[in-house]
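Shown below: final12.cif, with mmCIF, C-alpha atoms.
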data_upload
#
loop_
_atom_site.label_atom_id
_atom_site.label_comp_id
_atom_site.auth_asym_id
_atom_site.auth_seq_id
_atom_site.Cartn_x
_atom_site.Cartn_y
_atom_site.Cartn_z
CA MET K 1471 108.10 39.50 69.58
CA ILE K 1472 106.09 42.63 68.68
CA THR K 1473 103.09 43.55 66.60
CA ASP K 1474 103.70 45.63 63.49
CA ALA K 1475 102.02 48.69 65.02
CA PHE K 1476 105.00 48.96 67.33
CA ASP K 1477 107.86 48.44 64.89
CA ASN K 1478 109.25 51.93 65.49
CA THR K 1479 108.86 51.50 69.22
CA ALA K 1480 110.80 48.25 69.21
CA LYS K 1481 113.62 49.72 67.14
CA GLU K 1482 113.79 52.72 69.45
CA MET K 1483 113.88 50.49 72.51
CA ALA K 1484 116.68 48.42 70.97
CA GLU K 1485 118.71 51.57 70.29
CA LEU K 1486 118.01 52.81 73.82
CA TRP K 1487 119.41 49.59 75.21
CA GLY K 1488 122.49 49.76 73.00
CA VAL K 1489 121.55 46.84 70.77
CA PRO K 1490 120.33 48.52 67.56
CA ASP K 1491 120.59 45.29 65.56
CA PHE K 1492 118.47 43.30 67.99
CA ARG K 1493 116.38 40.83 66.04
CA PHE K 1494 112.73 40.33 66.86
CA VAL K 1495 109.74 38.61 65.33
CA MET K 1496 106.99 40.89 64.04
CA ILE K 1497 103.37 39.79 63.76
CA PRO K 1498 100.25 41.61 62.49
CA HIS K 1499 98.36 43.95 64.83
CA PRO K 1500 96.05 43.64 66.78
CA LEU K 1501 96.06 40.80 69.24
CA ALA K 1502 93.55 41.89 71.87
CA SER K 1503 90.52 41.33 69.65
CA LEU K 1504 91.46 37.85 68.42
CA SER K 1505 89.52 34.73 69.30
CA ARG K 1506 91.28 31.68 70.70
CA SER K 1507 91.29 29.97 67.31
CA GLU K 1508 92.69 33.09 65.63
CA ILE K 1509 95.47 33.25 68.21
CA GLU K 1510 96.29 29.61 67.56
CA GLN K 1511 96.41 30.39 63.85
CA ARG K 1512 98.85 33.21 64.53
CA VAL K 1513 101.00 30.85 66.53
CA ASP K 1514 101.10 28.40 63.64
CA GLU K 1515 102.08 31.22 61.27
CA VAL K 1516 104.91 32.55 63.40
CA ILE K 1517 106.36 29.51 65.18
CA GLY K 1518 108.84 28.89 62.39
CA LYS K 1519 110.27 32.40 62.63
CA VAL K 1520 110.46 32.18 66.42
CA THR K 1521 112.31 28.88 66.24
CA GLU K 1522 114.70 30.23 63.64
CA LEU K 1523 115.41 33.33 65.76
CA ILE K 1524 116.10 31.28 68.86
CA GLN K 1525 118.48 29.04 66.93
CA GLN K 1526 120.28 31.92 65.24
CA GLY K 1527 120.55 34.04 68.37
CA GLN K 1528 121.32 37.73 68.42
CA PRO K 1529 124.18 39.50 66.62
CA ASP K 1530 127.35 39.84 68.66
CA MET U 664 130.06 78.10 77.01
CA ALA U 665 129.59 78.97 73.37
CA THR U 666 128.19 82.19 71.97
CA THR U 667 126.03 81.91 68.90
CA PRO U 668 126.16 84.54 66.16
CA LYS U 669 122.93 86.04 67.51
CA GLY U 670 124.51 86.66 70.89
CA VAL U 671 122.52 83.97 72.69
CA VAL U 672 124.58 82.18 75.28
CA GLU U 673 124.05 78.47 75.62
CA LEU U 674 125.26 76.20 78.34
CA SER U 675 126.75 72.87 77.45
CA GLN U 676 124.81 69.61 77.68
CA ALA U 677 126.88 68.66 80.69
CA GLU U 678 125.49 71.57 82.64
CA GLY U 679 121.95 70.35 82.46
CA ASP U 680 120.46 71.76 79.30
CA VAL U 681 119.50 75.15 80.65
CA CYS U 682 119.43 78.40 78.74
CA ILE U 683 120.26 81.99 79.56
CA PRO U 684 117.43 84.14 78.18
CA ILE U 685 119.37 86.96 76.60
CA ASN U 686 116.53 87.19 74.12
CA ALA U 687 113.44 85.36 75.28
CA SER U 688 111.93 84.75 71.85
CA GLU U 689 115.21 83.35 70.53
CA GLN U 690 115.54 81.12 73.59
CA ILE U 691 112.01 79.85 72.98
CA GLU U 692 113.04 79.00 69.42
CA ILE U 693 116.14 77.21 70.75
CA CYS U 694 113.88 75.10 72.95
CA TYR U 695 111.81 74.22 69.89
CA ALA U 696 114.94 73.40 67.90
CA ARG U 697 116.19 71.10 70.64
CA GLY U 698 112.87 69.26 70.76
CA TRP U 699 112.08 70.24 74.34
CA THR U 700 108.48 71.30 73.82
CA ASP U 701 105.06 69.71 73.52
CA GLY U 702 104.35 71.86 70.50
CA LEU U 703 103.53 74.93 72.57
CA PRO U 704 106.16 77.53 73.55
CA VAL U 705 107.94 76.76 76.81
CA VAL U 706 109.51 78.96 79.46
CA PRO U 707 113.29 78.87 78.87
CA ALA U 708 114.85 77.23 81.91
CA THR U 709 117.63 79.24 83.49
CA ARG U 710 119.82 77.80 86.23
CA TYR U 711 118.29 80.33 88.62
CA LEU U 712 114.69 79.31 87.83
CA ALA U 713 115.49 75.62 88.08
CA ASP U 714 117.18 76.14 91.44
CA GLU U 715 114.11 78.02 92.67
CA MET U 716 112.03 74.95 91.79
CA LEU U 717 114.40 72.75 93.80
CA VAL U 718 114.03 75.03 96.81
CA GLY U 719 110.26 74.73 96.40
CA ALA U 720 110.54 70.97 96.76
CA GLY U 721 113.36 70.92 99.32
CA LEU U 722 115.52 68.82 97.02
CA VAL U 723 119.09 68.89 95.75
CA ARG U 724 119.86 68.76 92.03
CA ASP U 725 121.20 65.25 91.79
CA ALA U 726 118.65 63.56 94.04
CA ILE U 727 117.24 60.61 92.11
CA ILE U 728 113.46 60.80 92.29
CA ALA U 729 112.53 57.88 90.07
CA GLU U 730 114.27 55.19 88.13
CA MET U 731 112.76 53.62 85.07
CA PRO U 732 114.98 50.75 83.99
CA SER U 733 112.98 50.00 80.86
CA ARG U 734 113.75 53.48 79.58
CA LYS U 735 117.33 53.43 80.91
CA ALA U 736 116.41 56.57 82.79
CA ALA U 737 116.98 57.93 86.26
CA ILE U 738 114.99 61.11 86.74
CA THR U 739 116.75 63.55 88.99
CA ALA U 740 115.24 66.41 90.90
CA ASP U 741 117.05 68.77 88.55
CA LYS U 742 115.40 67.27 85.48
CA ILE U 743 112.00 67.62 87.14
CA ALA U 744 112.84 71.20 88.08
CA ILE U 745 113.93 72.09 84.54
CA ASN U 746 110.80 70.59 83.00
CA SER U 747 108.61 72.29 85.59
CA VAL U 748 110.16 75.62 84.58
CA LEU U 749 109.57 74.77 80.92
CA ALA U 750 105.94 74.02 81.76
CA GLY U 751 105.45 77.34 83.55
CA CYS U 752 105.10 75.97 87.09
CA LYS U 753 105.64 77.94 90.25
CA PRO U 754 108.19 76.54 92.72
CA GLU U 755 105.44 75.64 95.19
CA TYR U 756 103.96 73.22 92.62
CA MET U 757 107.09 71.06 92.72
CA PRO U 758 105.99 68.65 95.50
CA VAL U 759 102.98 67.69 93.36
CA VAL U 760 105.07 67.21 90.22
CA VAL U 761 107.63 65.17 92.18
CA ALA U 762 104.91 62.94 93.60
CA ALA U 763 103.45 62.45 90.12
CA VAL U 764 106.86 61.38 88.77
CA LYS U 765 107.27 58.89 91.60
CA ALA U 766 103.86 57.50 90.74
CA LEU U 767 104.78 57.22 87.06
CA ALA U 768 107.70 55.01 88.00
CA THR U 769 105.80 52.52 90.15
CA PRO U 770 105.55 49.14 88.43
CA GLU U 771 101.82 48.99 89.17
CA PHE U 772 101.13 51.97 86.94
CA GLY U 773 102.60 50.23 83.92
CA LEU U 774 103.90 53.45 82.39
CA HIS U 775 105.22 51.92 79.19
CA HIS U 776 101.82 50.51 78.31
CA VAL U 777 100.17 53.84 79.12
CA ALA U 778 102.70 55.95 77.25
CA ALA U 779 103.26 53.76 74.21
CA ALA U 780 99.81 52.28 73.56
CA LEU U 781 97.73 52.92 70.46
CA ALA U 782 94.88 54.08 72.67
CA GLY U 783 97.05 57.02 73.69
CA PRO U 784 95.49 57.81 77.06
CA THR U 785 95.65 61.02 78.96
CA ILE U 786 97.46 60.79 82.27
CA VAL U 787 95.10 62.56 84.63
CA VAL U 788 96.83 63.98 87.70
CA LEU U 789 94.27 64.05 90.51
CA VAL U 790 95.29 66.02 93.58
CA ASN U 791 93.66 65.55 96.99
CA GLY U 792 94.18 67.03 100.39
CA PRO U 793 95.18 70.43 101.74
CA ILE U 794 97.84 71.07 99.10
CA ALA U 795 95.17 71.38 96.41
CA SER U 796 93.59 74.49 97.84
CA LYS U 797 96.97 75.79 99.02
CA LEU U 798 98.22 75.79 95.43
CA GLY U 799 94.95 76.98 93.93
CA ILE U 800 94.36 73.84 91.87
CA ASN U 801 90.93 74.17 90.32
CA ALA U 802 88.32 71.70 91.53
CA THR U 803 85.17 73.41 90.34
CA ASN U 804 83.93 75.09 87.19
CA ASN U 805 85.75 74.12 84.01
CA VAL U 806 87.89 71.71 86.03
CA PHE U 807 89.15 69.92 82.87
CA GLY U 808 89.40 73.12 80.88
CA ALA U 809 91.83 75.97 80.46
CA GLY U 810 92.49 79.03 82.58
CA VAL U 811 94.11 78.06 85.89
CA ARG U 812 97.90 78.10 86.09
CA ALA U 813 98.31 75.27 88.60
CA ASN U 814 96.12 72.85 86.63
CA ALA U 815 97.65 73.81 83.29
CA THR U 816 101.30 73.68 84.30
CA ILE U 817 101.41 70.72 86.69
CA GLY U 818 99.86 68.42 84.11
CA ARG U 819 102.10 69.90 81.45
CA ALA U 820 105.23 69.30 83.52
CA VAL U 821 104.34 65.61 83.76
CA ARG U 822 103.92 65.39 79.98
CA LEU U 823 107.18 67.26 79.30
CA ILE U 824 109.00 64.81 81.57
CA LEU U 825 107.60 61.94 79.50
CA LEU U 826 108.78 63.68 76.34
CA ASN U 827 112.14 65.06 77.43
CA CYS U 828 113.36 62.65 80.11
CA LEU U 829 111.73 59.38 79.07
CA ARG U 830 111.73 60.03 75.31
CA TYR U 831 108.16 59.03 74.64
CA THR U 832 108.28 60.71 71.28
CA PRO U 833 105.05 60.79 69.24
CA GLY U 834 105.22 58.38 66.34
CA VAL U 835 108.23 56.54 67.73
CA SER U 836 107.83 55.38 71.30
CA ASP U 837 104.39 56.99 71.74
CA ARG U 838 102.24 55.11 69.28
CA SER U 839 98.91 56.81 69.90
CA THR U 840 96.72 56.56 66.84
CA MET U 841 94.59 59.59 67.75
CA GLY U 842 95.90 60.85 71.07
CA THR U 843 93.80 63.28 73.08
CA PRO U 844 94.04 66.98 73.96
CA GLY U 845 94.56 65.86 77.53
CA LYS U 846 98.06 64.77 76.54
CA TYR U 847 99.07 68.42 76.65
CA THR U 848 97.98 68.66 80.27
CA CYS U 849 95.39 67.23 82.62
CA CYS U 850 95.49 68.07 86.30
CA ILE U 851 92.46 68.44 88.54
CA ALA U 852 91.66 68.54 92.22
CA GLU U 853 88.67 67.07 94.03
CA ASN U 854 86.25 69.54 95.56
CA GLU U 855 86.27 67.68 98.84
CA GLN U 856 83.91 70.02 100.67
CA SER U 857 81.14 69.90 98.12
CA HIS U 858 79.72 66.40 98.44
CA PRO U 859 78.56 64.00 101.16
CA TRP U 860 80.99 61.20 100.33
CA GLU U 861 84.48 60.68 101.69
CA PRO U 862 87.19 62.13 99.45
CA TRP U 863 88.95 59.83 97.03
CA HIS U 864 92.20 59.66 98.98
CA VAL U 865 90.37 58.91 102.23
CA SER U 866 88.60 56.02 100.50
CA ARG U 867 92.07 54.76 99.59
CA GLY U 868 93.23 54.73 103.20
CA TYR U 869 94.76 58.17 103.67
CA SER U 870 93.63 60.72 106.20
CA LEU U 871 91.89 63.98 105.38
CA GLU U 872 95.06 65.85 106.33
CA ASP U 873 97.22 63.91 103.86
CA SER U 874 97.86 65.35 100.44
CA THR U 875 98.04 62.83 97.63
CA VAL U 876 98.51 62.54 93.90
CA THR U 877 96.66 59.89 91.94
CA LEU U 878 97.42 59.10 88.32
CA ILE U 879 94.63 57.89 86.10
CA ALA U 880 95.29 56.65 82.57
CA ALA U 881 92.16 57.77 80.77
CA SER U 882 91.58 56.84 77.15
CA THR U 883 88.21 58.50 76.70
CA MET U 884 86.37 61.31 78.38
CA ILE U 885 82.62 61.62 77.98
CA GLN U 886 80.46 64.39 79.33
CA ILE U 887 76.79 63.61 79.95
CA TRP U 888 73.85 65.69 81.04
CA HIS U 889 71.37 64.32 83.52
CA TYR U 890 68.22 65.72 85.17
CA GLY U 891 66.50 62.60 86.53
CA ASP U 892 66.57 60.71 89.81
CA ALA U 893 69.38 58.57 91.23
CA GLU U 894 68.34 55.42 89.39
CA GLN U 895 68.12 57.23 86.08
CA PHE U 896 71.49 58.81 86.79
CA THR U 897 73.05 55.41 87.38
CA ARG U 898 71.59 54.13 84.12
CA SER U 899 72.97 57.13 82.26
CA VAL U 900 76.42 56.56 83.67
CA GLY U 901 76.35 52.86 82.81
CA ASP U 902 75.15 53.59 79.31
CA ALA U 903 77.86 56.19 78.73
CA MET U 904 80.56 53.83 79.95
CA SER U 905 79.48 51.01 77.65
CA PHE U 906 79.26 52.69 74.24
CA LEU U 907 80.13 50.59 71.20
CA GLY U 908 83.85 50.76 70.57
CA SER U 909 84.65 51.64 74.14
CA ILE U 910 88.03 50.43 75.26
CA ALA U 911 86.33 49.57 78.54
CA ILE U 912 84.29 46.88 76.84
CA LEU U 913 87.21 45.48 74.88
CA GLY U 914 89.60 45.41 77.79
CA ARG U 915 87.02 45.02 80.56
CA THR U 916 88.65 47.92 82.35
CA PRO U 917 86.95 50.15 84.88
CA GLY U 918 85.88 53.73 84.51
CA ALA U 919 85.88 56.73 86.77
CA VAL U 920 82.97 59.07 87.27
CA VAL U 921 83.61 62.72 87.99
CA ILE U 922 80.50 64.42 89.27
CA GLY U 923 80.33 68.17 89.07
CA GLY U 924 77.45 70.39 89.97
CA ASN U 925 73.79 69.57 89.57
CA TYR U 926 73.51 69.17 85.84
CA ALA U 927 76.66 67.89 84.25
CA VAL U 928 78.55 64.67 84.78
CA GLY U 929 81.92 63.97 83.27
CA ILE U 930 83.10 60.44 82.88
CA ILE U 931 86.60 59.22 82.46
CA VAL U 932 87.12 55.73 81.15
CA PHE U 933 90.21 53.96 82.36
CA LEU U 934 92.55 52.39 79.90
CA ILE U 935 94.14 50.20 82.51
CA LEU U 936 92.95 48.66 85.71
CA VAL U 937 95.47 50.16 88.04
CA VAL U 938 95.21 53.51 89.69
CA ILE U 939 98.16 54.61 91.71
CA ASN U 940 98.00 56.75 94.76
CA PHE U 941 101.10 58.48 95.88
CA VAL U 942 101.52 60.61 98.90
CA VAL U 943 102.83 64.08 98.17
CA VAL U 944 103.50 64.89 101.77
CA THR U 945 102.82 62.57 104.65
CA LYS U 946 100.58 63.20 107.56
CA GLY U 947 99.49 66.68 108.29
CA ALA U 948 100.32 70.34 108.12
CA ALA U 949 103.69 70.08 109.85
CA ARG U 950 105.19 67.93 107.14
CA VAL U 951 103.79 70.24 104.44
CA SER U 952 105.71 73.11 105.92
CA GLU U 953 108.88 71.02 105.97
CA VAL U 954 108.70 70.30 102.27
CA THR U 955 107.82 73.81 101.20
CA ALA U 956 110.22 75.64 103.53
#
Final C-alpha cells representation of the file:
Amino acid sequence: MITDAFDNTAKEMAELWGVPDFRFVMIPHPLASLSRSEIEQRVDEVIGKVTELIQQGQPD
Amino acid sequence: MATTPKGVVELSQAEGDVCIPINASEQIEICYARGWTDGLPVVPATRYLADEMLVGAGLVRDAIIAEMPSRKAAITADKIAINSVLAGCKPEYMPVVVAAVKALATPEFGLHHVAAALAGPTIVVLVNGPIASKLGINATNNVFGAGVRANATIGRAVRLILLNCLRYTPGVSDRSTMGTPGKYTCCIAENEQSHPWEPWHVSRGYSLEDSTVTLIAASTMIQIWHYGDAEQFTRSVGDAMSFLGSIAILGRTPGAVVIGGNYAVGIIVFLILVVINFVVVTKGAARVSEVTA
C-alpha cells in the first residue's frame, strides 16, 4: 500500500525487484497529519480494495 | 572497446563505466548523456584515477563496502572510487567517503525514507577527529558554503553514489517536493579546538584520537543571529526550531545546533530521529597510516 505521492517510486521499486506488474493499493497523501478518526475513515475507504487485492494475489 | 565518430574511446559497461578522456569536454558531455551527474559537470573517471582512489582507501576494486537489499544494490569499492573521481575528490578523501557509504547502509539510518521522502532532506556528512584537519575539511568560516575542495567533493561523492549506484532519481525514487541546495553537497567538520565542550564524537563514546563520520538527515537549515546572554540564546534556539510548518513539530523530531563564532548560530533540523556514527578509522594515528598507506 502506498500514498499517491509515491506512485512513481512504487513503480520504480517494482521494476527494480523484477516485478513490474506488482499490484498495490494507492491511497491519498498525506497520512502523517491525519487525526485518528480520519485514519479510520481512510481504512473504511480502502479496506475493500485491500481485501480484493489479497484475494486476487499478484500476477504470475 | 568501441570508437565513436568523434574519436572518443569508451569502455564497455562490463568494465565499470569509466571513460578515457581523449577530449575532456566531450567526455564531460558523455557523462551528462549517461545520466552520471548531479546537474553539474563531473570529472570523467578513468581507470587510472579510479585505481588511485582505491589506493587511497587501501581497498581492492570488488570489495563490497555496503549492501542495500531494498535497492538490490551492493556498492563496491570500485563504484565508490568512480563516483569519488566524478565528484572531484582526492584519493586521500576516500576513507571518509567509504565510511559515509557504510553509514548510509545501516538500517538505523533509514536511507530509503531519507532519500525518497517529500521533505527531501540534505544528508549532512559531519567529520570528527584527526582526519578532518589532515584532509583540510573546513570547520570554520563559511563551513556550509562553497570554496573548500574537501567539503565540496566529499559531500558530492555521497550524493553521486545515491544517484548513480542506488538510483535515487529526482522525480522517480527521490520524491522531494522542494529539495535543498544541500543535496548537491554538504560536508563539514567540527572545530574541536574552539569550544569548551567535548567534541561530538567523544560525546558518542569515541576517543579524541578516533576519526568518525556522522550522517545527519536535515530537512531545514536556519541561521539565526544572537547577541544576548545564555538564557536569551537558548530561547532564540528554541524559537527557531519550533517555527510554524517545521517538520520538527509535525514529526516531533530533534534538531541539531551548530554554533559558530560569537555572533551567528546555524541550526539544522533533523528529519528523522536517528543519527548514525561510523568510525572512519579505528583508534589512533597508527591505524590512520594503515588505511592511507
Residue hits in chain U, query chain K, radius 9 Å, only C-alpha atoms, as a compact mmCIF listing (two decimals) with C-alpha atoms, in the coordinates of the input:
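Done, and the output landed in iface21.txt:
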# COMPACT_ATOMS: atom_id res chain seq x y z
CA SER U 733 112.98 50.00 80.86
CA ARG U 734 113.75 53.48 79.58
CA LYS U 735 117.33 53.43 80.91
CA ALA U 779 103.26 53.76 74.21
CA ALA U 780 99.81 52.28 73.56
CA LEU U 781 97.73 52.92 70.46
CA GLY U 834 105.22 58.38 66.34
CA VAL U 835 108.23 56.54 67.73
CA SER U 836 107.83 55.38 71.30
CA ASP U 837 104.39 56.99 71.74
CA ARG U 838 102.24 55.11 69.28
CA LEU U 913 87.21 45.48 74.88
CA GLY U 914 89.60 45.41 77.79
Tell me which residues the PyMOL selection byres ((chain K and resi 1471) around 9) grabs here, as an MDAnalysis selection string. chainID K and resid 1472:1473 1494:1497 1520
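Reported to one decimal place, the separation of atom CA of Asn854 of chain U from atom CA of Asn791 of chain U is 8.5 Å.
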What's the separation between atom CA of Thr843 of chain U and atom CA of Val921 of chain U, in Å to one decimal place?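 That distance, rounded to one decimal, is 18.1 Å.
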Between U:Val718, U:Ile693, U:Ala919, U:Ile743, which is the closest to Leu789 of chain U once you count only C-alpha atoms?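 The shortest atom-to-atom distance to Leu789 of chain U comes from U:Ala919.
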Quick one: 6 Å padding each side, axis-aligned, all listed atoms of segment 1479-1484 of chain K - centre and edge lengths in Å to one decimal, as AutoDock Vina command-line options?
--center_x 112.8 --center_y 50.5 --center_z 69.8 --size_x 19.8 --size_y 16.5 --size_z 17.4
Hits of the PyMOL selection byres ((chain U and resi 802) around 8) in this structure, as a PyMOL selection string: chain U and resi 800-801+803-804+806+851-854
So that I have them on file, write out the residues from the current selection with C-alpha atoms, as a compact mmCIF listing (two decimals), keeping the file's coordinate frame.
# COMPACT_ATOMS: atom_id res chain seq x y z
CA ILE U 800 94.36 73.84 91.87
CA ASN U 801 90.93 74.17 90.32
CA THR U 803 85.17 73.41 90.34
CA ASN U 804 83.93 75.09 87.19
CA VAL U 806 87.89 71.71 86.03
CA ILE U 851 92.46 68.44 88.54
CA ALA U 852 91.66 68.54 92.22
CA GLU U 853 88.67 67.07 94.03
CA ASN U 854 86.25 69.54 95.56
So which residues touch Met731 of chain U within 12 Å, counting all atoms listed in the file, skipping near sequence neighbours fewer than 4 positions away, as a VMD selection string? chain U and resid 727 735 to 739 764 to 770 772 to 775 825 828 to 830
